[in-house]
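The structure appears right after this line, and notes come after that.
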Amino acid sequence: MTLTRKFILLMILQIFICSIIFAQSKRGMEWVTGYAGTKVRFEGNSIITSSGVYPFKYFTQGNSNICDTNGNLMMCSDGYNIYDSMGNYLDEGDTLVPKAHFFAQSGWSGYSQTSIFLPMDSDKYYFITPAFSDARYADCNANNHCYFDLLLYNVIDMQANAGAGKVIKRMQPLMENAELRKTQMMACRHSNGKDWWLLKQGGDSNTIYKFLFKQDTVENHGFQQFDYPVWGPWDIRGQSAFSEDGSKYATTSHGGSSGKIFIADFDRCYGILSNPKEILMPVGSHHNPNDTAEKEHLSVGLAYSPNNKFLYVISKRNMYQYDLQDETWYHIAGLDTTFIQFQDYETCYMGQNGRLYIGNFHGGSTQMSVIDSPDVKGVGCSFCPRCLRLDTVGIAGTPPCMPNYTLGAQECWPLSNQDITINHSTFNVYPNPVSNKLKIDNATMKIKTLYNAIGLLILTTNDDVIDVRNYPKGMYYIKCGDQTKRFIVD
């Protein structure tokens, strides 16, 4: 292929990718939150709020929604049902979890991150929910065995019913007889710009299950298990988040985790978490005027800044900023009102305008708090207490659980290069996985280049033995000539 032809094809590909990104950029323009589905619409720097059309419905913790590519609300969920933009059940979209827990919870989810919409081509959508089976729910009440045991997905065709939409596959099991936390589920777009990785937190230990949602199939990519943190059994509050570029992952839980936050790098090409780390949230005051000694150390939510430099960690009554570069903490805010009136902070999500919005637990508040400049360190991030005001239109709950729909394609090195052969080369590396020294056969005196999972050059050497003891755990590539081997440091 000539250089000119390659250039033309590359330009066409870039234009195609940009068009996909632009089409997805409005998927999060409108939110449904709180009692009766109060609507929050982002129009540039302006925010328009309006009363919902969902009487007696609650969108306060397990809520999610998605807009069409023009920014018009298409579907929303209270965690257990799917509604259209007019407040009606989508065809076959009601009661999408087993009935025992559905009715016990009055038909809506009170757990954060228990539903999410993932768009595909041709107006197809996945809708995912963790849940109790009826048997596990009965066991939960009898024996306090209360982890979710199901992860279910549904397929929606929005071209069905003359464009009104229909759930064409209901309650398909991704996992059964599992041990899953009620909260902590988030998705990140695959590096191809079309498919989606879904990460779901396991039970008490730090086990992270991974699934790849493709256009017509769903692939189970197993799990990664880490030694820390141990979360503790109480799991009704918590949040997982990806950075805006998809390169970092973070998760935390309320319960017995004592303010522990897990962070790791994420490889959008292969769905691999690497460089794991546990950080500990500072101890903050409850600010209870009747108990000056009372302290809190329980994290409930988190979000990355748009520039990926900071991680915001939310507790019930305090808010912190963690600098990912110098590993320092900054206390952003305590209570945003008096102790008696306070409703507790909850999950935190980025709005279409680049600001961070913090919801409220129990849904009793009519406002959300805002971080106006989340890319600025310290007090310059401009915490604004209760600045998203919905007083005239209803009660605010939490922002909907939404991934970054605007994230586009990313080149995967080296699999994207047709001139490189993976794992079919004449040289060999062992042991694999490796934790001490990597040995290379059939490449004596040849130049070898070592890369990390995202293609950054780490080492160039002629040696046939490489000491990897100080390398972070994760996937690596070693290239010799025009051939490449993949290996894992564990």
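We name chains A, B, ... following the order of the structure tokens; residues begin at 1 in each chain, and ligands are numbered from 1 as shown.
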In region 124-276 of chain A, DSSP strand (DSSP E) residues written as number ranges by chain: A: 124-131, 150-157, 166-175, 180-189, 196-202, 206-213, 218-226, 238-242, 248-253, 260-267, 272-276
Store the residues picked out above in a file with C-alpha atoms, as a PDB file, in the first residue's frame.
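Dumped everything to again-v3.pdb:
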```pdb
ATOM      1  CA  LYS A 124     -29.459  -1.128  20.206  1.00  0.00           C
ATOM      2  CA  TYR A 125     -28.766  -0.671  23.918  1.00  0.00           C
ATOM      3  CA  TYR A 126     -27.712  -2.840  26.819  1.00  0.00           C
ATOM      4  CA  PHE A 127     -29.209  -2.282  30.270  1.00  0.00           C
ATOM      5  CA  ILE A 128     -27.389  -3.957  33.180  1.00  0.00           C
ATOM      6  CA  THR A 129     -28.494  -4.583  36.771  1.00  0.00           C
ATOM      7  CA  PRO A 130     -27.074  -6.590  39.707  1.00  0.00           C
ATOM      8  CA  ALA A 131     -29.771  -8.230  41.839  1.00  0.00           C
ATOM      9  CA  LEU A 150     -27.039 -12.166  40.045  1.00  0.00           C
ATOM     10  CA  LEU A 151     -25.758  -9.850  37.343  1.00  0.00           C
ATOM     11  CA  LEU A 152     -28.356  -9.427  34.594  1.00  0.00           C
ATOM     12  CA  TYR A 153     -28.434  -7.669  31.246  1.00  0.00           C
ATOM     13  CA  ASN A 154     -31.244  -6.660  28.915  1.00  0.00           C
ATOM     14  CA  VAL A 155     -31.169  -5.784  25.221  1.00  0.00           C
ATOM     15  CA  ILE A 156     -33.240  -2.833  23.986  1.00  0.00           C
ATOM     16  CA  ASP A 157     -34.164  -2.158  20.355  1.00  0.00           C
ATOM     17  CA  LYS A 166     -38.845  -2.462  23.247  1.00  0.00           C
ATOM     18  CA  VAL A 167     -36.799  -4.696  25.531  1.00  0.00           C
ATOM     19  CA  ILE A 168     -36.196  -7.640  23.201  1.00  0.00           C
ATOM     20  CA  LYS A 169     -34.133  -9.730  25.659  1.00  0.00           C
ATOM     21  CA  ARG A 170     -35.007  -9.628  29.355  1.00  0.00           C
ATOM     22  CA  MET A 171     -32.970 -10.523  32.430  1.00  0.00           C
ATOM     23  CA  GLN A 172     -30.191 -12.435  30.684  1.00  0.00           C
ATOM     24  CA  PRO A 173     -27.726 -13.786  33.290  1.00  0.00           C
ATOM     25  CA  LEU A 174     -24.118 -12.616  33.163  1.00  0.00           C
ATOM     26  CA  MET A 175     -23.415 -14.159  36.576  1.00  0.00           C
ATOM     27  CA  LEU A 180     -21.417  -9.346  44.346  1.00  0.00           C
ATOM     28  CA  ARG A 181     -21.522  -6.059  46.180  1.00  0.00           C
ATOM     29  CA  LYS A 182     -24.766  -4.158  45.810  1.00  0.00           C
ATOM     30  CA  THR A 183     -22.949  -1.035  44.607  1.00  0.00           C
ATOM     31  CA  GLN A 184     -19.716  -0.322  42.649  1.00  0.00           C
ATOM     32  CA  MET A 185     -20.458  -0.978  38.968  1.00  0.00           C
ATOM     33  CA  MET A 186     -19.162   1.187  36.111  1.00  0.00           C
ATOM     34  CA  ALA A 187     -18.387   0.957  32.401  1.00  0.00           C
ATOM     35  CA  CYS A 188     -15.676   2.358  30.131  1.00  0.00           C
ATOM     36  CA  ARG A 189     -15.682   2.444  26.355  1.00  0.00           C
ATOM     37  CA  TRP A 196     -17.835  -1.332  26.343  1.00  0.00           C
ATOM     38  CA  TRP A 197     -15.955  -2.778  29.294  1.00  0.00           C
ATOM     39  CA  LEU A 198     -18.111  -3.304  32.395  1.00  0.00           C
ATOM     40  CA  LEU A 199     -16.423  -3.749  35.791  1.00  0.00           C
ATOM     41  CA  LYS A 200     -18.396  -5.083  38.761  1.00  0.00           C
ATOM     42  CA  GLN A 201     -17.076  -5.356  42.296  1.00  0.00           C
ATOM     43  CA  GLY A 202     -17.190  -8.718  44.034  1.00  0.00           C
ATOM     44  CA  ASN A 206     -11.315  -6.915  46.284  1.00  0.00           C
ATOM     45  CA  THR A 207     -12.409  -9.058  43.339  1.00  0.00           C
ATOM     46  CA  ILE A 208     -13.279  -7.182  40.143  1.00  0.00           C
ATOM     47  CA  TYR A 209     -15.279  -9.001  37.460  1.00  0.00           C
ATOM     48  CA  LYS A 210     -14.869  -7.852  33.860  1.00  0.00           C
ATOM     49  CA  PHE A 211     -17.207  -8.126  30.876  1.00  0.00           C
ATOM     50  CA  LEU A 212     -16.916  -6.874  27.307  1.00  0.00           C
ATOM     51  CA  PHE A 213     -20.204  -5.761  25.739  1.00  0.00           C
ATOM     52  CA  VAL A 218     -21.246 -10.243  25.652  1.00  0.00           C
ATOM     53  CA  GLU A 219     -17.905 -11.758  26.654  1.00  0.00           C
ATOM     54  CA  ASN A 220     -16.946 -12.767  30.184  1.00  0.00           C
ATOM     55  CA  HIS A 221     -13.305 -11.755  30.691  1.00  0.00           C
ATOM     56  CA  GLY A 222     -12.986 -13.327  34.129  1.00  0.00           C
ATOM     57  CA  PHE A 223     -11.783 -11.353  37.111  1.00  0.00           C
ATOM     58  CA  GLN A 224      -8.782  -9.799  38.772  1.00  0.00           C
ATOM     59  CA  GLN A 225      -8.325 -10.233  42.490  1.00  0.00           C
ATOM     60  CA  PHE A 226      -6.206  -7.976  44.665  1.00  0.00           C
ATOM     61  CA  GLY A 238     -20.247   3.007  47.312  1.00  0.00           C
ATOM     62  CA  GLN A 239     -19.050   4.036  43.869  1.00  0.00           C
ATOM     63  CA  SER A 240     -16.671   3.014  41.088  1.00  0.00           C
ATOM     64  CA  ALA A 241     -15.321   5.511  38.544  1.00  0.00           C
ATOM     65  CA  PHE A 242     -13.059   5.767  35.527  1.00  0.00           C
ATOM     66  CA  LYS A 248      -7.528   5.059  35.533  1.00  0.00           C
ATOM     67  CA  TYR A 249     -10.027   3.230  37.721  1.00  0.00           C
ATOM     68  CA  ALA A 250     -11.070   3.861  41.312  1.00  0.00           C
ATOM     69  CA  THR A 251     -13.606   2.321  43.660  1.00  0.00           C
ATOM     70  CA  THR A 252     -14.685   2.662  47.281  1.00  0.00           C
ATOM     71  CA  SER A 253     -17.389   1.439  49.601  1.00  0.00           C
ATOM     72  CA  LYS A 260     -10.158   2.759  51.929  1.00  0.00           C
ATOM     73  CA  ILE A 261      -9.972   3.620  48.235  1.00  0.00           C
ATOM     74  CA  PHE A 262      -8.613   1.325  45.536  1.00  0.00           C
ATOM     75  CA  ILE A 263      -6.990   2.893  42.466  1.00  0.00           C
ATOM     76  CA  ALA A 264      -5.337   1.274  39.444  1.00  0.00           C
ATOM     77  CA  ASP A 265      -4.382   1.943  35.844  1.00  0.00           C
ATOM     78  CA  PHE A 266      -6.790   0.561  33.243  1.00  0.00           C
ATOM     79  CA  ASP A 267      -5.973  -0.713  29.770  1.00  0.00           C
ATOM     80  CA  ILE A 272      -6.525  -5.140  32.377  1.00  0.00           C
ATOM     81  CA  LEU A 273      -6.036  -3.358  35.707  1.00  0.00           C
ATOM     82  CA  SER A 274      -2.419  -2.734  36.709  1.00  0.00           C
ATOM     83  CA  ASN A 275      -0.355  -0.734  39.226  1.00  0.00           C
ATOM     84  CA  PRO A 276      -2.873  -1.317  42.051  1.00  0.00           C
TER      85      PRO A 276
END
```
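Taking CA of Ile332 (chain A) as the reference point, CA of Gly397 (chain A) is found at 21.2 Å.
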Secondary structure check, alpha helix (DSSP H) residues of region 25-183 of chain A, as a ChimeraX atom specification: /A:99-104,134-143,160-163
From A:Asn161, A:Thr461, A:Ser435, A:Ser373, residue lying nearest Asp490 (chain A) [only C-alpha atoms]: A:Ser435
Could you give me, as an mmCIF file with N, CA and C atoms, in the first residue's frame, the residues within 8 Å of Asn428 (chain A), counting only C-alpha atoms and dropping anything in the same chain fewer than 6 positions from it?
```
data_model
loop_
_atom_site.group_PDB
_atom_site.id
_atom_site.type_symbol
_atom_site.label_atom_id
_atom_site.label_comp_id
_atom_site.auth_asym_id
_atom_site.auth_seq_id
_atom_site.Cartn_x
_atom_site.Cartn_y
_atom_site.Cartn_z
ATOM 1 N N ILE A 440 14.989 -14.681 27.859
ATOM 2 C CA ILE A 440 14.648 -14.575 26.442
ATOM 3 C C ILE A 440 15.517 -15.552 25.655
ATOM 4 N N ASP A 441 14.878 -16.431 24.889
ATOM 5 C CA ASP A 441 15.585 -17.396 24.054
ATOM 6 C C ASP A 441 15.546 -16.994 22.590
ATOM 7 N N ASN A 442 16.549 -17.422 21.843
ATOM 8 C CA ASN A 442 16.619 -17.247 20.384
ATOM 9 C C ASN A 442 16.677 -15.785 19.962
ATOM 10 N N LYS A 485 6.436 -10.239 21.779
ATOM 11 C CA LYS A 485 5.865 -11.176 22.744
ATOM 12 C C LYS A 485 5.178 -10.401 23.856
#
```
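Note that CA of Ile116 (chain A) and CA of Cys401 (chain A) are 6.1 Å apart.
When only C-alpha atoms are used to measure the gap to Cys269 (chain A), the shortest distance among A:Gly193, A:Gly380, A:Gly301, A:Gly232 belongs to A:Gly193.
Separating CA of Leu335 (chain A) from CA of Cys387 (chain A) is a distance of 13.8 Å.
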Nearest residue to Asn88 (chain A) from the set A:Met74, A:Asn141, A:Gly259, A:Asn470 (distances using only C-alpha atoms): A:Met74
